[in-house]
Amino acid sequence: QVQQKQAEIQQLNQQLAQIQQATIEANPGLADQRDELLANVDEKMVEAGHDPDASRERIGELQEQLQGGELSTDESQSVTQEIRQEQTQLQQAQRQAMQDEAIQTEIQSLNEGLVEAMREQNPQTEQLIAQLQTAQQEYQALMQRAMQQQGAMQQQGPGGD
């Protein structure tokens, strides 16, 4: 059940991502707005002492090493580890930058413009967003139920099977 929900959420996300991609391609203004937002987020990250370009470059280099297929298993694992660390740092810096009020306002306005344009691009957008929200709520409910069941099992103590 949980896996079915996950698959459903993933599929809806993909459909919406495709509409979003098509919408941005059809609306250069939105593409500019998105690029500007990304640039501003990067700028905030730099102000906070993080170098996003260097991080992305490093991640790219490490991924190339992995794909090169010349690394031993141990080397692959440590490179994978390093990629994860870089990505985590980058995401944390991004999250921090996105908490900035000016950035929040920009995100909001881009989202509104994007959803509006997506509706025009594809009449199904509204329905897909509603389905996605429902699926996410159902998924959370399933997860909570699973957690509660686990909790109940743990309370029974040993041999309570």
# chains A, B, ... in the order shown; residues from 1 in each chain; ligands from 1
call {"tool": "residues_around", "arguments": {"residues": "segment 27-32 of chain A", "least_positions_apart": "6", "cutoff": "8 Å", "atoms": "only C-alpha atoms", "output": "list in words"}}
result
Leu110, Gly113 and Leu114 of chain A
call {"tool": "write_last_selection", "arguments": {"atoms": "N, CA, C and O atoms", "output": "CSV table (one decimal), in the first residue's frame"}}
result
chain,number,residue,atom,x,y,z
A,110,LEU,N,7.3,33.4,-8.3
A,110,LEU,CA,7.6,32.4,-9.4
A,110,LEU,C,6.6,31.3,-9.4
A,110,LEU,O,6.0,30.9,-10.5
A,113,GLY,N,3.2,32.4,-10.7
A,113,GLY,CA,3.2,32.6,-12.2
A,113,GLY,C,3.3,31.3,-12.9
A,113,GLY,O,2.7,31.1,-14.0
A,114,LEU,N,4.1,30.4,-12.3
A,114,LEU,CA,4.3,29.1,-13.0
A,114,LEU,C,3.1,28.3,-13.0
A,114,LEU,O,2.7,27.7,-14.0
call {"tool": "closest_atom_pairs", "arguments": {"of": "segment 54-141 of chain A", "to": "segment 3-8 of chain A", "cutoff": "9 Å", "atoms": "only C-alpha atoms", "output": "tab-separated table"}}
result
residue	atom	partner	partner_atom	distance
A:Leu132	CA	A:Glu8	CA	8.1
A:Ala135	CA	A:Lys5	CA	6.5
A:Gln136	CA	A:Lys5	CA	7.9
A:Glu138	CA	A:Lys5	CA	7.6
A:Tyr139	CA	A:Lys5	CA	5.9
call {"tool": "residues_around", "arguments": {"residues": "Gln127 of chain A", "least_positions_apart": "5", "cutoff": "12 Å", "atoms": "only C-alpha atoms", "output": "list in words"}}
result
Leu12, Gln15, Leu16, Met118, Arg119, Asn122, Leu132, Gln133 and Thr134 of chain A
call {"tool": "write_last_selection", "arguments": {"atoms": "N, CA and C atoms", "output": "mmCIF file, in the first residue's frame"}}
result
data_model
loop_
_atom_site.group_PDB
_atom_site.id
_atom_site.type_symbol
_atom_site.label_atom_id
_atom_site.label_comp_id
_atom_site.auth_asym_id
_atom_site.auth_seq_id
_atom_site.Cartn_x
_atom_site.Cartn_y
_atom_site.Cartn_z
ATOM 1 N N LEU A 12 2.817 11.265 -10.431
ATOM 2 C CA LEU A 12 2.192 12.585 -10.491
ATOM 3 C C LEU A 12 3.256 13.681 -10.532
ATOM 4 N N GLN A 15 4.664 13.808 -14.029
ATOM 5 C CA GLN A 15 3.745 14.460 -14.976
ATOM 6 C C GLN A 15 3.786 15.983 -14.787
ATOM 7 N N LEU A 16 3.749 16.404 -13.532
ATOM 8 C CA LEU A 16 3.779 17.840 -13.258
ATOM 9 C C LEU A 16 5.119 18.446 -13.674
ATOM 10 N N MET A 118 1.106 27.004 -16.131
ATOM 11 C CA MET A 118 0.927 25.559 -16.315
ATOM 12 C C MET A 118 -0.540 25.225 -16.583
ATOM 13 N N ARG A 119 -1.431 25.957 -15.919
ATOM 14 C CA ARG A 119 -2.876 25.739 -16.138
ATOM 15 C C ARG A 119 -3.232 26.061 -17.579
ATOM 16 N N ASN A 122 -1.625 23.326 -19.818
ATOM 17 C CA ASN A 122 -2.242 22.006 -19.725
ATOM 18 C C ASN A 122 -3.407 22.051 -18.742
ATOM 19 N N LEU A 132 -2.079 14.909 -6.438
ATOM 20 C CA LEU A 132 -0.792 14.808 -5.755
ATOM 21 C C LEU A 132 -0.962 15.118 -4.270
ATOM 22 N N GLN A 133 -1.696 16.187 -3.965
ATOM 23 C CA GLN A 133 -1.901 16.556 -2.561
ATOM 24 C C GLN A 133 -2.634 15.450 -1.804
ATOM 25 N N THR A 134 -3.666 14.899 -2.449
ATOM 26 C CA THR A 134 -4.419 13.801 -1.833
ATOM 27 C C THR A 134 -3.502 12.598 -1.599
#
call {"tool": "closest_residue", "arguments": {"among": "A:Gln11, A:Ala97, A:Ala26, A:Val46", "to": "Glu120 of chain A", "atoms": "only C-alpha atoms"}}
result
A:Ala26
call {"tool": "atom_distance", "arguments": {"atom1": "atom CA of Leu71 of chain A", "atom2": "atom CA of Ala54 of chain A"}}
result
22.9 Å
call {"tool": "residues_around", "arguments": {"residues": "Ala93 of chain A", "least_positions_apart": "5", "cutoff": "10 Å", "atoms": "only C-alpha atoms", "output": "VMD selection string"}}
result
chain A and resid 41 to 42 44 to 46 48 to 52 87 to 88 98
call {"tool": "closest_residue", "arguments": {"among": "A:Asp74, A:Glu112, A:Glu47, A:Glu86", "to": "Ile59 of chain A", "atoms": "only C-alpha atoms"}}
result
A:Glu86
call {"tool": "atom_distance", "arguments": {"atom1": "atom CA of Gln137 of chain A", "atom2": "atom CA of Val2 of chain A"}}
result
11.8 Å
call {"tool": "decode", "arguments": {"residues": "segment 71-158 of chain A", "atoms": "C-alpha atoms", "output": "PDB file, in the first residue's frame"}}
result
ATOM      1  CA  LEU A  71      38.007   2.959  -9.138  1.00  0.00           C
ATOM      2  CA  SER A  72      38.268   0.034  -6.743  1.00  0.00           C
ATOM      3  CA  THR A  73      35.207  -0.778  -4.639  1.00  0.00           C
ATOM      4  CA  ASP A  74      36.710   1.031  -1.648  1.00  0.00           C
ATOM      5  CA  GLU A  75      37.563   4.086  -3.728  1.00  0.00           C
ATOM      6  CA  SER A  76      34.056   4.102  -5.207  1.00  0.00           C
ATOM      7  CA  GLN A  77      32.567   4.037  -1.739  1.00  0.00           C
ATOM      8  CA  SER A  78      34.674   6.921  -0.491  1.00  0.00           C
ATOM      9  CA  VAL A  79      33.971   8.968  -3.647  1.00  0.00           C
ATOM     10  CA  THR A  80      30.243   8.250  -3.231  1.00  0.00           C
ATOM     11  CA  GLN A  81      30.525   9.338   0.399  1.00  0.00           C
ATOM     12  CA  GLU A  82      32.243  12.572  -0.629  1.00  0.00           C
ATOM     13  CA  ILE A  83      29.566  13.285  -3.261  1.00  0.00           C
ATOM     14  CA  ARG A  84      26.899  12.843  -0.563  1.00  0.00           C
ATOM     15  CA  GLN A  85      28.715  15.180   1.813  1.00  0.00           C
ATOM     16  CA  GLU A  86      29.114  17.853  -0.872  1.00  0.00           C
ATOM     17  CA  GLN A  87      25.463  17.531  -1.878  1.00  0.00           C
ATOM     18  CA  THR A  88      24.317  17.716   1.740  1.00  0.00           C
ATOM     19  CA  GLN A  89      26.377  20.858   2.371  1.00  0.00           C
ATOM     20  CA  LEU A  90      25.083  22.400  -0.846  1.00  0.00           C
ATOM     21  CA  GLN A  91      21.459  21.589   0.051  1.00  0.00           C
ATOM     22  CA  GLN A  92      21.856  22.958   3.572  1.00  0.00           C
ATOM     23  CA  ALA A  93      23.369  26.178   2.229  1.00  0.00           C
ATOM     24  CA  GLN A  94      20.523  26.362  -0.305  1.00  0.00           C
ATOM     25  CA  ARG A  95      17.868  25.825   2.350  1.00  0.00           C
ATOM     26  CA  GLN A  96      19.452  28.530   4.463  1.00  0.00           C
ATOM     27  CA  ALA A  97      19.547  30.946   1.525  1.00  0.00           C
ATOM     28  CA  MET A  98      15.902  30.171   0.717  1.00  0.00           C
ATOM     29  CA  GLN A  99      14.825  31.278   4.180  1.00  0.00           C
ATOM     30  CA  ASP A 100      15.769  34.825   3.249  1.00  0.00           C
ATOM     31  CA  GLU A 101      12.611  36.940   3.026  1.00  0.00           C
ATOM     32  CA  ALA A 102      13.399  38.473  -0.363  1.00  0.00           C
ATOM     33  CA  ILE A 103      14.068  34.984  -1.760  1.00  0.00           C
ATOM     34  CA  GLN A 104      10.831  33.664  -0.199  1.00  0.00           C
ATOM     35  CA  THR A 105       8.899  36.427  -1.943  1.00  0.00           C
ATOM     36  CA  GLU A 106      10.599  35.592  -5.235  1.00  0.00           C
ATOM     37  CA  ILE A 107       9.840  31.879  -4.860  1.00  0.00           C
ATOM     38  CA  GLN A 108       6.200  32.645  -4.124  1.00  0.00           C
ATOM     39  CA  SER A 109       5.794  34.908  -7.116  1.00  0.00           C
ATOM     40  CA  LEU A 110       7.573  32.448  -9.422  1.00  0.00           C
ATOM     41  CA  ASN A 111       5.385  29.597  -8.157  1.00  0.00           C
ATOM     42  CA  GLU A 112       2.193  31.568  -8.682  1.00  0.00           C
ATOM     43  CA  GLY A 113       3.230  32.608 -12.179  1.00  0.00           C
ATOM     44  CA  LEU A 114       4.339  29.085 -12.976  1.00  0.00           C
ATOM     45  CA  VAL A 115       1.171  27.362 -11.779  1.00  0.00           C
ATOM     46  CA  GLU A 116      -0.905  29.950 -13.639  1.00  0.00           C
ATOM     47  CA  ALA A 117       1.045  29.336 -16.856  1.00  0.00           C
ATOM     48  CA  MET A 118       0.927  25.559 -16.315  1.00  0.00           C
ATOM     49  CA  ARG A 119      -2.876  25.739 -16.138  1.00  0.00           C
ATOM     50  CA  GLU A 120      -2.925  27.514 -19.480  1.00  0.00           C
ATOM     51  CA  GLN A 121      -0.385  25.092 -20.925  1.00  0.00           C
ATOM     52  CA  ASN A 122      -2.242  22.006 -19.725  1.00  0.00           C
ATOM     53  CA  PRO A 123      -5.820  21.989 -18.403  1.00  0.00           C
ATOM     54  CA  GLN A 124      -5.012  18.838 -16.398  1.00  0.00           C
ATOM     55  CA  THR A 125      -2.600  20.724 -14.117  1.00  0.00           C
ATOM     56  CA  GLU A 126      -5.266  21.577 -11.524  1.00  0.00           C
ATOM     57  CA  GLN A 127      -6.428  17.975 -11.323  1.00  0.00           C
ATOM     58  CA  LEU A 128      -2.877  16.618 -11.102  1.00  0.00           C
ATOM     59  CA  ILE A 129      -1.976  19.017  -8.272  1.00  0.00           C
ATOM     60  CA  ALA A 130      -5.130  18.013  -6.368  1.00  0.00           C
ATOM     61  CA  GLN A 131      -4.364  14.305  -6.929  1.00  0.00           C
ATOM     62  CA  LEU A 132      -0.792  14.808  -5.755  1.00  0.00           C
ATOM     63  CA  GLN A 133      -1.901  16.556  -2.561  1.00  0.00           C
ATOM     64  CA  THR A 134      -4.419  13.801  -1.833  1.00  0.00           C
ATOM     65  CA  ALA A 135      -1.843  11.081  -2.513  1.00  0.00           C
ATOM     66  CA  GLN A 136       0.676  12.796  -0.228  1.00  0.00           C
ATOM     67  CA  GLN A 137      -1.880  13.068   2.580  1.00  0.00           C
ATOM     68  CA  GLU A 138      -2.842   9.402   2.175  1.00  0.00           C
ATOM     69  CA  TYR A 139       0.833   8.440   2.160  1.00  0.00           C
ATOM     70  CA  GLN A 140       1.449  10.359   5.396  1.00  0.00           C
ATOM     71  CA  ALA A 141      -1.589   8.700   6.980  1.00  0.00           C
ATOM     72  CA  LEU A 142      -0.265   5.268   5.957  1.00  0.00           C
ATOM     73  CA  MET A 143       3.160   6.101   7.381  1.00  0.00           C
ATOM     74  CA  GLN A 144       1.651   7.308  10.657  1.00  0.00           C
ATOM     75  CA  ARG A 145      -0.424   4.142  10.941  1.00  0.00           C
ATOM     76  CA  ALA A 146       2.680   2.047  10.286  1.00  0.00           C
ATOM     77  CA  MET A 147       4.581   3.984  12.963  1.00  0.00           C
ATOM     78  CA  GLN A 148       1.761   3.521  15.474  1.00  0.00           C
ATOM     79  CA  GLN A 149       1.624  -0.211  14.749  1.00  0.00           C
ATOM     80  CA  GLN A 150       5.383  -0.437  15.213  1.00  0.00           C
ATOM     81  CA  GLY A 151       5.097   1.483  18.456  1.00  0.00           C
ATOM     82  CA  ALA A 152       2.374  -0.856  19.668  1.00  0.00           C
ATOM     83  CA  MET A 153       4.512  -3.883  18.806  1.00  0.00           C
ATOM     84  CA  GLN A 154       7.490  -2.473  20.682  1.00  0.00           C
ATOM     85  CA  GLN A 155       5.348  -1.877  23.772  1.00  0.00           C
ATOM     86  CA  GLN A 156       4.292  -5.527  23.910  1.00  0.00           C
ATOM     87  CA  GLY A 157       7.836  -6.366  24.850  1.00  0.00           C
ATOM     88  CA  PRO A 158       9.817  -9.506  23.973  1.00  0.00           C
TER      89      PRO A 158
END
